[in-house]
Amino acid sequence: MNIDEALQAIKSSPECFVTFRQDTGEIREVKNLTSEASAEDRMARLFAATSVPSGVPTVSRFLESASVTAESLNDLVEETRRAYESMTARVKIINGWRYQSLSELVAILELGDFPYPTTQNDSYLLLEIIFDVRDTELNPALIRRLLAVADSQHIDIPGEPSVGSLRLYLWRYEMKTTTFVQYWHEHLRGGVVPFLIGPSTFAGDLRVADQIIINDLIGLVRAQWPFGVKQRAMIALGKIGPPAGSEAARAIREEVYDSTDWIIAQRDRVLARIETVPGLWCDCNHCRRGKVTEDSSDILILRDCPRCYGLGLIPSFC
Ligand SMILES: [Zn+2]
């Protein structure tokens with residue numbers, strides 16, 4: 001609908017829910033709402049059948065009709081279109097990182113020069129691509145450059161451990177388990193739970209058998225945080241295997257309930273790994289450390305491998 005038609009529809013009720021087509025900004029639908037309506041009526045109205053065909057990218061906003069003018073509507077159309085342009089440009093650049101030379105990717109980190117509209121906040125994706133997707137292409141010269149970046153702390157990410165994610169990736173790549181354990185003891189021990197999600201992954205990948213770290217991972221499994229936190233700690237304990245011990249198995253049995261088929265199978269696989277001898281397990285040849293790339297997504301997403309449930313190891317009895 002054009003701006004005049006949309007404005008007329010909007011003005012016929014005090015509030016409305018307006019749906020814009022994301023790529024063009026065009027207004028596709030106006031759902032009128034009255035402020036006196038009960039919560040149920042409002043929900044019924046919002047979830048009523050839409051006239052927008054599925055597959056069309058849309059974004060919707062609540063608007064108070066009194067404050068809407070032709071000019072403000074035009075601004076929203078323009079803003080919607082520009083936001084979409086910026087988002088698709090970002091996705092295109094990030095997808096391109098999967099095929100650019102690693103030397104060019106390292107240069108982005110060295111210079112801190114992220115091509116617009118990507119930003120420093122996308123460095124976690126860059127690190128995933130370098131270390132989780134394309135690590136077999138790394139060579140000593142690239143590692144030297146990455147170590148220099150870690151030393152210069154160009155990519156300190158707010159909320160990340162003070163040592164920086166890059167340093168943790170490098171320790172994992174170089175299997176510097178002792179350094180990692182020492183770092184955990186000094187800086188992370190008993191730390192605030194969400195803060196440990198990233199490091200937990202590295203503890204699992206390095207198969208750290210240190211009791212303090214294992215106890216912290218068990219603490220994460222038992223902590224009252226979103227399930228994703230427990231799940232990452234559970235996978236880490238599964239990667240560690242028998243050294244995680246009976247206390248880890250008990251915590252997992254008590255904390256990870258029968259929810260989806262996937263969660264049940266993942267939990268049971270982790271328990272089998274902790275409770276059987278390491279000789280029964282071999283590397284999964286379908287993934288990198290339990291992660292596979294999600295091909296159906298527009299942007300790079302790493303998910304737990306469907307064959308090994310994220311452990312990176314397959315039991316000979318399966
Ligand atoms: Zn796998």
# chains A, B, ... in the order shown; residues from 1 in each chain; ligands from 1
>>> residues_around(residues="Thr276 of chain A", least_positions_apart="4", cutoff="8 Å", atoms="only C-alpha atoms", output="PyMOL selection string")
chain A and resi 242+272+280
>>> closest_atom_pairs(of="segment 109-200 of chain A", to="segment 286-293 of chain A", cutoff="12 Å", atoms="only C-alpha atoms", output="CSV")
residue,atom,partner,partner_atom,distance
A:Glu128,CA,A:Lys291,CA,10.7
A:Ile129,CA,A:Thr293,CA,10.1
A:Phe131,CA,A:Arg288,CA,9.8
A:Asp132,CA,A:Arg288,CA,6.8
A:Val133,CA,A:Arg288,CA,7.3
A:Arg134,CA,A:Arg288,CA,9.5
A:Asp135,CA,A:Arg288,CA,9.3
A:Thr136,CA,A:Arg288,CA,10.0
A:Arg172,CA,A:Arg289,CA,11.3
A:Tyr173,CA,A:Arg289,CA,11.7
>>> write_last_selection(atoms="C-alpha atoms", output="mmCIF file, in the first residue's frame")
data_model
loop_
_atom_site.group_PDB
_atom_site.id
_atom_site.type_symbol
_atom_site.label_atom_id
_atom_site.label_comp_id
_atom_site.auth_asym_id
_atom_site.auth_seq_id
_atom_site.Cartn_x
_atom_site.Cartn_y
_atom_site.Cartn_z
ATOM 1 C CA GLU A 128 35.451 -19.090 14.411
ATOM 2 C CA ILE A 129 36.149 -19.167 10.675
ATOM 3 C CA PHE A 131 40.102 -21.641 14.053
ATOM 4 C CA ASP A 132 36.966 -23.783 13.835
ATOM 5 C CA VAL A 133 36.311 -24.000 10.108
ATOM 6 C CA ARG A 134 39.648 -23.443 8.356
ATOM 7 C CA ASP A 135 42.283 -24.307 10.977
ATOM 8 C CA THR A 136 43.871 -26.914 8.724
ATOM 9 C CA ARG A 172 43.949 -24.605 21.959
ATOM 10 C CA TYR A 173 45.612 -24.659 18.538
#
>>> residues_near_ligand(ligand="ligand 1", cutoff="12 Å", atoms="only C-alpha atoms and all ligand atoms", output="list in words")
Lys239, Gln266, Cys282, Asp283, Cys284, Asn285, His286, Cys287, Arg288, Arg289, Gly290, Lys291, Val292, Thr293, Leu302, Arg303, Asp304, Cys305, Pro306, Arg307, Cys308, Tyr309, Gly310, Leu311, Gly312, Leu313, Ile314 and Pro315 of chain A
>>> write_last_selection(atoms="C-alpha atoms", output="PDB file, in the first residue's frame")
ATOM      1  CA  LYS A 239      35.016 -34.447  25.741  1.00  0.00           C
ATOM      2  CA  GLN A 266      23.304 -35.984  23.614  1.00  0.00           C
ATOM      3  CA  CYS A 282      37.788 -42.746  18.165  1.00  0.00           C
ATOM      4  CA  ASP A 283      37.716 -39.371  16.388  1.00  0.00           C
ATOM      5  CA  CYS A 284      34.543 -38.515  14.464  1.00  0.00           C
ATOM      6  CA  ASN A 285      35.461 -37.937  10.838  1.00  0.00           C
ATOM      7  CA  HIS A 286      32.338 -35.934  10.096  1.00  0.00           C
ATOM      8  CA  CYS A 287      33.178 -32.739  11.994  1.00  0.00           C
ATOM      9  CA  ARG A 288      35.834 -30.476  13.527  1.00  0.00           C
ATOM     10  CA  ARG A 289      35.903 -31.035  17.308  1.00  0.00           C
ATOM     11  CA  GLY A 290      32.202 -31.847  17.327  1.00  0.00           C
ATOM     12  CA  LYS A 291      31.124 -28.871  15.194  1.00  0.00           C
ATOM     13  CA  VAL A 292      29.695 -28.789  11.679  1.00  0.00           C
ATOM     14  CA  THR A 293      28.714 -25.847   9.503  1.00  0.00           C
ATOM     15  CA  LEU A 302      28.377 -23.884  13.722  1.00  0.00           C
ATOM     16  CA  ARG A 303      26.223 -26.509  15.351  1.00  0.00           C
ATOM     17  CA  ASP A 304      26.806 -29.764  17.210  1.00  0.00           C
ATOM     18  CA  CYS A 305      27.650 -32.618  14.845  1.00  0.00           C
ATOM     19  CA  PRO A 306      24.676 -34.968  14.331  1.00  0.00           C
ATOM     20  CA  ARG A 307      26.902 -38.069  14.346  1.00  0.00           C
ATOM     21  CA  CYS A 308      28.902 -37.499  17.527  1.00  0.00           C
ATOM     22  CA  TYR A 309      26.440 -35.116  19.277  1.00  0.00           C
ATOM     23  CA  GLY A 310      29.143 -32.463  19.566  1.00  0.00           C
ATOM     24  CA  LEU A 311      31.761 -34.612  21.276  1.00  0.00           C
ATOM     25  CA  GLY A 312      34.067 -35.040  18.277  1.00  0.00           C
ATOM     26  CA  LEU A 313      34.370 -38.695  19.318  1.00  0.00           C
ATOM     27  CA  ILE A 314      32.423 -41.781  18.261  1.00  0.00           C
ATOM     28  CA  PRO A 315      32.159 -44.902  20.457  1.00  0.00           C
TER      29      PRO A 315
END
>>> closest_residue(among="A:Phe62, A:Arg207, A:Arg267, A:Ile214", to="Gln231 of chain A", atoms="only C-alpha atoms")
A:Arg267
>>> select_by_dssp(residues="segment 206-289 of chain A", states="helix (DSSP H, G or I)", output="ChimeraX atom specification")
/A:211-222,227-240,242-255,261-275,278-280
>>> closest_residue(among="A:Tyr116, A:Phe317, A:Phe17, A:Tyr124", to="Thr50 of chain A", atoms="only C-alpha atoms")
A:Phe17
>>> closest_residue(among="A:Ser296, A:Glu78, A:Leu146, A:Leu73", to="Val106 of chain A", atoms="only C-alpha atoms")
A:Leu146
